[in-house]
Amino acid sequence: MSMFQIFNVSGSAVSAQAQRLNVVSSNLANADTVAGPDRSAYKARHVVFTTEPMGDVGAAGVTVSNVVEDNTPGRRIHDPGNPQADTQGYVTYSNVNVIEEMVNMISASRSYQNNIEVMNTAKSLLLKTLQLGQG
């Protein structure tokens with residue numbers, strides 16, 4: 001694998017993790033939302049990654065192939081005084097699990113950082129290789 005191919009592989013991972021962080025932030029922003037007039041609450045979203053061959057044999061990057069909705073039912077809380085309550089007095093909240101989303105955020109952030117570090121290391125090695133030729 002070419003040293004320059006490392007930038008493509010790590011760059012694809014950085015891009016995919018950035019998109020994952022955007023989805024997680026959207027989920028966290030809507031964690032406490034209630035169902036609107038159409039009686040459907042916000043549904044958590046999750047990214048689906050797929051591998052993508054990149055140039056050389058054995059080199060593979062990652063892409064986000066899809067963003068899917070979580071179809072688990074949202075929380076229902078009995079609050080008949082709430083203007084968003086249904087006819088039975090229940091308010092339906094989003095199905096976002098804040099703890100799970102925080103774990104996803106930490107995981108995506110660390111993966112993002114690791115891939116940036118891979119690119120920095122490859123850059124450093126390339127610069128040292130060029131310095132050897134000047135010696």
# chains A, B, ... in the order shown; residues from 1 in each chain; ligands from 1
$ residues_around --residues "Asn66 in chain A" --least-positions-apart "6" --cutoff "10 Å" --atoms "only C-alpha atoms" --output "MDAnalysis selection string"
chainID A and resid 46:50
$ residues_around --residues "Tyr42 in chain A" --least-positions-apart "4" --cutoff "12 Å" --atoms "only C-alpha atoms" --output "compact mmCIF listing (two decimals) with all heavy atoms, in the first residue's frame"
# COMPACT_ATOMS: atom_id res chain seq x y z
N SER A 26 -27.82 15.23 16.68
CA SER A 26 -29.24 15.40 16.37
C SER A 26 -30.10 14.57 17.32
O SER A 26 -31.14 15.05 17.80
CB SER A 26 -29.50 14.98 14.92
OG SER A 26 -30.86 15.09 14.61
N ASN A 27 -29.67 13.34 17.59
CA ASN A 27 -30.42 12.50 18.53
C ASN A 27 -30.45 13.12 19.92
O ASN A 27 -31.50 13.17 20.56
CB ASN A 27 -29.81 11.10 18.60
CG ASN A 27 -30.08 10.29 17.36
OD1 ASN A 27 -30.96 10.60 16.57
ND2 ASN A 27 -29.30 9.23 17.17
N LEU A 28 -29.29 13.61 20.39
CA LEU A 28 -29.24 14.20 21.72
C LEU A 28 -30.07 15.48 21.81
O LEU A 28 -30.70 15.75 22.83
CB LEU A 28 -27.79 14.47 22.13
CG LEU A 28 -26.98 13.24 22.48
CD1 LEU A 28 -25.50 13.59 22.66
CD2 LEU A 28 -27.52 12.57 23.74
N ALA A 29 -30.09 16.25 20.74
CA ALA A 29 -30.88 17.49 20.73
C ALA A 29 -32.37 17.19 20.82
O ALA A 29 -33.14 18.02 21.32
CB ALA A 29 -30.57 18.29 19.48
N ASN A 30 -32.79 16.02 20.34
CA ASN A 30 -34.21 15.67 20.33
C ASN A 30 -34.58 14.64 21.39
O ASN A 30 -35.66 14.05 21.32
CB ASN A 30 -34.59 15.14 18.94
CG ASN A 30 -34.59 16.23 17.92
OD1 ASN A 30 -35.45 17.10 17.94
ND2 ASN A 30 -33.62 16.21 17.02
N ALA A 31 -33.71 14.44 22.36
CA ALA A 31 -33.94 13.39 23.36
C ALA A 31 -35.21 13.61 24.18
O ALA A 31 -35.88 12.65 24.54
CB ALA A 31 -32.74 13.28 24.29
N ASP A 32 -35.56 14.84 24.47
CA ASP A 32 -36.72 15.11 25.32
C ASP A 32 -37.89 15.71 24.56
O ASP A 32 -38.77 16.32 25.16
CB ASP A 32 -36.32 16.02 26.47
CG ASP A 32 -35.44 15.31 27.49
OD1 ASP A 32 -35.63 14.10 27.69
OD2 ASP A 32 -34.55 15.97 28.06
N THR A 33 -37.92 15.54 23.25
CA THR A 33 -39.03 16.09 22.49
C THR A 33 -40.26 15.19 22.62
O THR A 33 -40.14 13.99 22.87
CB THR A 33 -38.67 16.25 20.99
OG1 THR A 33 -38.30 14.97 20.47
CG2 THR A 33 -37.53 17.23 20.80
N VAL A 34 -41.40 15.79 22.46
CA VAL A 34 -42.66 15.03 22.56
C VAL A 34 -43.29 14.95 21.18
O VAL A 34 -42.94 15.69 20.27
CB VAL A 34 -43.64 15.68 23.56
CG1 VAL A 34 -43.06 15.67 24.95
CG2 VAL A 34 -44.00 17.09 23.15
N ALA A 35 -44.24 14.05 21.06
CA ALA A 35 -44.95 13.88 19.79
C ALA A 35 -45.70 15.15 19.46
O ALA A 35 -46.29 15.80 20.32
CB ALA A 35 -45.90 12.70 19.89
N GLY A 36 -45.67 15.50 18.20
CA GLY A 36 -46.37 16.70 17.74
C GLY A 36 -47.83 16.41 17.42
O GLY A 36 -48.38 15.36 17.81
N ASP A 38 -49.14 15.37 14.82
CA ASP A 38 -49.35 14.15 14.03
C ASP A 38 -49.19 12.89 14.88
O ASP A 38 -49.28 11.78 14.38
CB ASP A 38 -48.40 14.11 12.84
CG ASP A 38 -46.94 14.08 13.25
OD1 ASP A 38 -46.65 14.30 14.46
OD2 ASP A 38 -46.09 13.85 12.39
N GLU A 69 -33.64 4.78 10.95
CA GLU A 69 -34.39 5.14 12.14
C GLU A 69 -34.57 3.95 13.05
O GLU A 69 -34.77 2.83 12.58
CB GLU A 69 -35.77 5.68 11.77
CG GLU A 69 -35.75 7.08 11.23
CD GLU A 69 -37.16 7.64 11.03
OE1 GLU A 69 -38.14 6.87 11.10
OE2 GLU A 69 -37.25 8.85 10.80
N ASP A 70 -34.50 4.20 14.34
CA ASP A 70 -34.75 3.17 15.35
C ASP A 70 -36.26 3.10 15.56
O ASP A 70 -36.89 4.10 15.88
CB ASP A 70 -34.05 3.56 16.64
CG ASP A 70 -34.16 2.51 17.73
OD1 ASP A 70 -34.87 1.51 17.54
OD2 ASP A 70 -33.52 2.70 18.78
N ASN A 71 -36.84 1.93 15.34
CA ASN A 71 -38.29 1.80 15.41
C ASN A 71 -38.82 1.35 16.77
O ASN A 71 -40.00 1.01 16.89
CB ASN A 71 -38.80 0.84 14.32
CG ASN A 71 -38.71 1.47 12.96
OD1 ASN A 71 -38.99 2.65 12.80
ND2 ASN A 71 -38.31 0.70 11.97
N THR A 72 -37.98 1.36 17.79
CA THR A 72 -38.50 1.02 19.12
C THR A 72 -39.47 2.13 19.55
O THR A 72 -39.28 3.30 19.20
CB THR A 72 -37.37 0.89 20.16
OG1 THR A 72 -36.64 2.13 20.23
CG2 THR A 72 -36.43 -0.23 19.83
N PRO A 73 -40.51 1.76 20.27
CA PRO A 73 -41.49 2.78 20.67
C PRO A 73 -40.88 3.78 21.66
O PRO A 73 -39.98 3.46 22.43
CB PRO A 73 -42.61 1.97 21.32
CG PRO A 73 -42.02 0.65 21.65
CD PRO A 73 -40.86 0.44 20.73
N GLY A 74 -41.38 5.00 21.60
CA GLY A 74 -40.92 6.04 22.52
C GLY A 74 -41.50 5.86 23.91
O GLY A 74 -42.43 5.08 24.12
N ARG A 75 -40.95 6.61 24.84
CA ARG A 75 -41.46 6.56 26.22
C ARG A 75 -42.86 7.18 26.26
O ARG A 75 -43.11 8.18 25.60
CB ARG A 75 -40.57 7.38 27.16
CG ARG A 75 -39.18 6.94 27.28
CD ARG A 75 -38.41 7.92 28.13
NE ARG A 75 -38.40 9.21 27.41
CZ ARG A 75 -38.05 10.36 27.94
NH1 ARG A 75 -37.68 10.43 29.17
NH2 ARG A 75 -38.06 11.47 27.23
N THR A 92 -46.21 11.05 24.51
CA THR A 92 -45.19 10.19 23.91
C THR A 92 -43.93 11.00 23.64
O THR A 92 -43.98 12.02 22.95
CB THR A 92 -45.70 9.58 22.58
OG1 THR A 92 -46.92 8.88 22.84
CG2 THR A 92 -44.68 8.62 21.99
N TYR A 93 -42.83 10.53 24.20
CA TYR A 93 -41.52 11.17 24.01
C TYR A 93 -40.72 10.38 22.98
O TYR A 93 -41.07 9.27 22.61
CB TYR A 93 -40.76 11.22 25.34
CG TYR A 93 -41.32 12.23 26.31
CD1 TYR A 93 -42.38 11.90 27.14
CD2 TYR A 93 -40.77 13.50 26.39
CE1 TYR A 93 -42.90 12.83 28.03
CE2 TYR A 93 -41.29 14.43 27.28
CZ TYR A 93 -42.34 14.09 28.11
OH TYR A 93 -42.85 15.01 28.98
N SER A 94 -39.61 10.97 22.55
CA SER A 94 -38.74 10.29 21.58
C SER A 94 -38.16 9.02 22.18
O SER A 94 -38.14 8.84 23.40
CB SER A 94 -37.61 11.22 21.14
OG SER A 94 -36.69 11.40 22.18
N ASN A 95 -37.66 8.15 21.31
CA ASN A 95 -37.09 6.88 21.77
C ASN A 95 -35.57 6.97 21.92
O ASN A 95 -34.89 5.95 21.95
CB ASN A 95 -37.45 5.76 20.79
CG ASN A 95 -36.86 5.96 19.42
OD1 ASN A 95 -36.34 7.01 19.10
ND2 ASN A 95 -36.98 4.96 18.58
N VAL A 96 -35.03 8.17 22.05
CA VAL A 96 -33.58 8.36 22.18
C VAL A 96 -33.13 7.92 23.57
O VAL A 96 -33.68 8.37 24.58
CB VAL A 96 -33.20 9.83 21.94
CG1 VAL A 96 -31.72 10.06 22.19
CG2 VAL A 96 -33.58 10.25 20.54
N ASN A 97 -32.14 7.03 23.60
CA ASN A 97 -31.53 6.61 24.85
C ASN A 97 -30.27 7.46 25.04
O ASN A 97 -29.27 7.28 24.34
CB ASN A 97 -31.17 5.12 24.78
CG ASN A 97 -30.55 4.60 26.04
OD1 ASN A 97 -30.00 5.33 26.84
ND2 ASN A 97 -30.65 3.29 26.22
$ residues_around --residues "Thr51 in chain A" --least-positions-apart "2" --cutoff "10 Å" --atoms "only C-alpha atoms" --output "ChimeraX atom specification"
/A:12-13,49,53-54,59-65
$ write_last_selection --atoms "N, CA, C and O atoms" --output "mmCIF file, in the first residue's frame"
data_model
loop_
_atom_site.group_PDB
_atom_site.id
_atom_site.type_symbol
_atom_site.label_atom_id
_atom_site.label_comp_id
_atom_site.auth_asym_id
_atom_site.auth_seq_id
_atom_site.Cartn_x
_atom_site.Cartn_y
_atom_site.Cartn_z
ATOM 1 N N SER A 12 -11.384 8.757 4.789
ATOM 2 C CA SER A 12 -12.748 8.224 4.673
ATOM 3 C C SER A 12 -13.332 7.930 6.052
ATOM 4 O O SER A 12 -14.509 8.170 6.297
ATOM 5 N N ALA A 13 -12.487 7.437 6.960
ATOM 6 C CA ALA A 13 -12.952 7.152 8.324
ATOM 7 C C ALA A 13 -13.288 8.442 9.069
ATOM 8 O O ALA A 13 -14.282 8.506 9.793
ATOM 9 N N PHE A 49 -22.306 1.762 8.489
ATOM 10 C CA PHE A 49 -21.036 1.852 7.769
ATOM 11 C C PHE A 49 -20.871 0.669 6.834
ATOM 12 O O PHE A 49 -21.326 -0.436 7.126
ATOM 13 N N PRO A 53 -13.532 -0.519 -1.100
ATOM 14 C CA PRO A 53 -12.181 -0.780 -1.603
ATOM 15 C C PRO A 53 -11.539 0.502 -2.114
ATOM 16 O O PRO A 53 -12.202 1.332 -2.735
ATOM 17 N N MET A 54 -10.252 0.655 -1.817
ATOM 18 C CA MET A 54 -9.544 1.869 -2.222
ATOM 19 C C MET A 54 -8.228 1.504 -2.889
ATOM 20 O O MET A 54 -7.268 1.167 -2.209
ATOM 21 N N ALA A 59 -6.443 -2.514 0.626
ATOM 22 C CA ALA A 59 -6.762 -1.194 1.166
ATOM 23 C C ALA A 59 -8.269 -0.992 1.106
ATOM 24 O O ALA A 59 -8.889 -1.178 0.068
ATOM 25 N N ALA A 60 -8.842 -0.649 2.239
ATOM 26 C CA ALA A 60 -10.285 -0.412 2.282
ATOM 27 C C ALA A 60 -10.567 0.747 3.220
ATOM 28 O O ALA A 60 -9.974 0.866 4.291
ATOM 29 N N GLY A 61 -11.470 1.588 2.800
ATOM 30 C CA GLY A 61 -11.925 2.691 3.625
ATOM 31 C C GLY A 61 -13.317 2.400 4.136
ATOM 32 O O GLY A 61 -13.800 1.265 4.072
ATOM 33 N N VAL A 62 -13.967 3.419 4.615
ATOM 34 C CA VAL A 62 -15.307 3.252 5.159
ATOM 35 C C VAL A 62 -16.182 4.390 4.654
ATOM 36 O O VAL A 62 -15.714 5.511 4.455
ATOM 37 N N THR A 63 -17.437 4.075 4.407
ATOM 38 C CA THR A 63 -18.416 5.096 4.038
ATOM 39 C C THR A 63 -19.690 4.861 4.831
ATOM 40 O O THR A 63 -19.932 3.767 5.336
ATOM 41 N N VAL A 64 -20.479 5.890 4.920
ATOM 42 C CA VAL A 64 -21.799 5.763 5.532
ATOM 43 C C VAL A 64 -22.754 5.381 4.410
ATOM 44 O O VAL A 64 -22.972 6.148 3.485
ATOM 45 N N SER A 65 -23.270 4.168 4.483
ATOM 46 C CA SER A 65 -24.155 3.699 3.420
ATOM 47 C C SER A 65 -25.604 4.120 3.643
ATOM 48 O O SER A 65 -26.365 4.261 2.694
#
$ select_by_dssp --residues "range 52-134 of chain A" --states "helix (DSSP H, G or I)" --output "PyMOL selection string"
chain A and resi 98-134
$ atom_distance --atom1 "CA of Gln19 in chain A" --atom2 "CA of Glu100 in chain A"
17.0 Å
$ select_by_dssp --residues "range 6-105 of chain A" --states "strand (DSSP E)" --output "list of chain:residue names"
A:Arg45, A:His46, A:Val47, A:Val48, A:Phe49, A:Thr50, A:Thr51, A:Glu52, A:Pro53, A:Ala60, A:Gly61, A:Val62, A:Thr63, A:Val64, A:Ser65, A:Asn66, A:Val67, A:Val68, A:Glu69, A:Arg76, A:Ile77, A:His78, A:Tyr90, A:Val91, A:Thr92
$ residues_around --residues "Val14 in chain A" --least-positions-apart "5" --cutoff "8 Å" --atoms "only C-alpha atoms" --output "PyMOL selection string"
chain A and resi 111-112+115-116
$ residues_around --residues "Pro80 in chain A" --least-positions-apart "5" --cutoff "10 Å" --atoms "only C-alpha atoms" --output "JSON, numbers by chain"
{"A": [85, 86, 87, 88, 89, 90, 91]}
$ residues_around --residues "Met102 in chain A" --least-positions-apart "4" --cutoff "10 Å" --atoms "only C-alpha atoms" --output "PDB file with N, CA and C atoms, in the first residue's frame"
ATOM      1  N   VAL A  24     -25.514  11.693  16.024  1.00  0.00           N
ATOM      2  CA  VAL A  24     -25.600  11.591  17.482  1.00  0.00           C
ATOM      3  C   VAL A  24     -26.034  12.927  18.078  1.00  0.00           C
ATOM      4  N   SER A  25     -25.477  14.031  17.577  1.00  0.00           N
ATOM      5  CA  SER A  25     -25.866  15.336  18.122  1.00  0.00           C
ATOM      6  C   SER A  25     -27.337  15.640  17.838  1.00  0.00           C
ATOM      7  N   LEU A  28     -29.293  13.605  20.385  1.00  0.00           N
ATOM      8  CA  LEU A  28     -29.242  14.198  21.722  1.00  0.00           C
ATOM      9  C   LEU A  28     -30.069  15.476  21.806  1.00  0.00           C
ATOM     10  N   ASN A  97     -32.144   7.031  23.604  1.00  0.00           N
ATOM     11  CA  ASN A  97     -31.527   6.606  24.849  1.00  0.00           C
ATOM     12  C   ASN A  97     -30.271   7.457  25.037  1.00  0.00           C
ATOM     13  N   VAL A  98     -30.329   8.403  25.966  1.00  0.00           N
ATOM     14  CA  VAL A  98     -29.255   9.377  26.139  1.00  0.00           C
ATOM     15  C   VAL A  98     -27.931   8.698  26.487  1.00  0.00           C
ATOM     16  N   ILE A 106     -18.758   9.329  22.353  1.00  0.00           N
ATOM     17  CA  ILE A 106     -17.379   9.111  22.802  1.00  0.00           C
ATOM     18  C   ILE A 106     -16.650   8.193  21.836  1.00  0.00           C
ATOM     19  N   SER A 107     -17.310   7.133  21.393  1.00  0.00           N
ATOM     20  CA  SER A 107     -16.702   6.192  20.455  1.00  0.00           C
ATOM     21  C   SER A 107     -16.359   6.867  19.127  1.00  0.00           C
ATOM     22  N   ALA A 108     -17.290   7.648  18.584  1.00  0.00           N
ATOM     23  CA  ALA A 108     -17.055   8.340  17.319  1.00  0.00           C
ATOM     24  C   ALA A 108     -15.951   9.376  17.463  1.00  0.00           C
TER      25      ALA A 108
END
$ atom_distance --atom1 "CA of Leu126 in chain A" --atom2 "CA of Gln5 in chain A"
12.2 Å
$ atom_distance --atom1 "CA of Val67 in chain A" --atom2 "CA of Leu21 in chain A"
12.2 Å
$ decode --residues "range 20-49 of chain A" --atoms "N, CA and C atoms" --output "short mmCIF file (atom, residue, chain, number, x, y, z; two decimals), in the first residue's frame"
data_model
loop_
_atom_site.label_atom_id
_atom_site.label_comp_id
_atom_site.auth_asym_id
_atom_site.auth_seq_id
_atom_site.Cartn_x
_atom_site.Cartn_y
_atom_site.Cartn_z
N ARG A 20 -21.30 10.47 11.70
CA ARG A 20 -21.86 9.79 12.87
C ARG A 20 -22.04 10.77 14.02
N LEU A 21 -21.08 11.65 14.24
CA LEU A 21 -21.20 12.66 15.30
C LEU A 21 -22.37 13.60 15.04
N ASN A 22 -22.61 13.94 13.78
CA ASN A 22 -23.76 14.79 13.45
C ASN A 22 -25.07 14.11 13.78
N VAL A 23 -25.17 12.83 13.49
CA VAL A 23 -26.39 12.07 13.79
C VAL A 23 -26.59 11.96 15.30
N VAL A 24 -25.51 11.69 16.02
CA VAL A 24 -25.60 11.59 17.48
C VAL A 24 -26.03 12.93 18.08
N SER A 25 -25.48 14.03 17.58
CA SER A 25 -25.87 15.34 18.12
C SER A 25 -27.34 15.64 17.84
N SER A 26 -27.82 15.23 16.68
CA SER A 26 -29.24 15.40 16.37
C SER A 26 -30.10 14.57 17.32
N ASN A 27 -29.67 13.34 17.59
CA ASN A 27 -30.42 12.50 18.53
C ASN A 27 -30.45 13.12 19.92
N LEU A 28 -29.29 13.61 20.39
CA LEU A 28 -29.24 14.20 21.72
C LEU A 28 -30.07 15.48 21.81
N ALA A 29 -30.09 16.25 20.74
CA ALA A 29 -30.88 17.49 20.73
C ALA A 29 -32.37 17.19 20.82
N ASN A 30 -32.79 16.02 20.34
CA ASN A 30 -34.21 15.67 20.33
C ASN A 30 -34.58 14.64 21.39
N ALA A 31 -33.71 14.44 22.36
CA ALA A 31 -33.94 13.39 23.36
C ALA A 31 -35.21 13.61 24.18
N ASP A 32 -35.56 14.84 24.47
CA ASP A 32 -36.72 15.11 25.32
C ASP A 32 -37.89 15.71 24.56
N THR A 33 -37.92 15.54 23.25
CA THR A 33 -39.03 16.09 22.49
C THR A 33 -40.26 15.19 22.62
N VAL A 34 -41.40 15.79 22.46
CA VAL A 34 -42.66 15.03 22.56
C VAL A 34 -43.29 14.95 21.18
N ALA A 35 -44.24 14.05 21.06
CA ALA A 35 -44.95 13.88 19.79
C ALA A 35 -45.70 15.15 19.46
N GLY A 36 -45.67 15.50 18.20
CA GLY A 36 -46.37 16.70 17.74
C GLY A 36 -47.83 16.41 17.42
N PRO A 37 -48.44 17.30 16.68
CA PRO A 37 -49.86 17.13 16.34
C PRO A 37 -50.14 15.86 15.54
N ASP A 38 -49.14 15.37 14.82
CA ASP A 38 -49.35 14.15 14.03
C ASP A 38 -49.19 12.89 14.88
N ARG A 39 -48.93 13.06 16.17
CA ARG A 39 -48.80 11.97 17.15
C ARG A 39 -47.58 11.08 16.92
N SER A 40 -46.61 11.55 16.14
CA SER A 40 -45.39 10.77 15.97
C SER A 40 -44.23 11.54 16.60
N ALA A 41 -43.50 10.87 17.45
CA ALA A 41 -42.36 11.48 18.13
C ALA A 41 -41.09 11.29 17.31
N TYR A 42 -40.08 12.06 17.64
CA TYR A 42 -38.78 11.92 16.98
C TYR A 42 -38.26 10.51 17.20
N LYS A 43 -37.70 9.92 16.17
CA LYS A 43 -37.11 8.58 16.27
C LYS A 43 -35.61 8.69 16.14
N ALA A 44 -34.90 8.02 17.04
CA ALA A 44 -33.44 8.04 17.01
C ALA A 44 -32.95 7.51 15.68
N ARG A 45 -31.83 8.04 15.23
CA ARG A 45 -31.23 7.62 13.97
C ARG A 45 -29.84 7.05 14.24
N HIS A 46 -29.44 6.11 13.42
CA HIS A 46 -28.12 5.47 13.55
C HIS A 46 -27.52 5.33 12.16
N VAL A 47 -26.20 5.51 12.09
CA VAL A 47 -25.51 5.37 10.80
C VAL A 47 -25.12 3.92 10.57
N VAL A 48 -25.08 3.53 9.31
CA VAL A 48 -24.65 2.19 8.91
C VAL A 48 -23.40 2.37 8.05
N PHE A 49 -22.31 1.76 8.49
CA PHE A 49 -21.04 1.85 7.77
C PHE A 49 -20.87 0.67 6.83
#
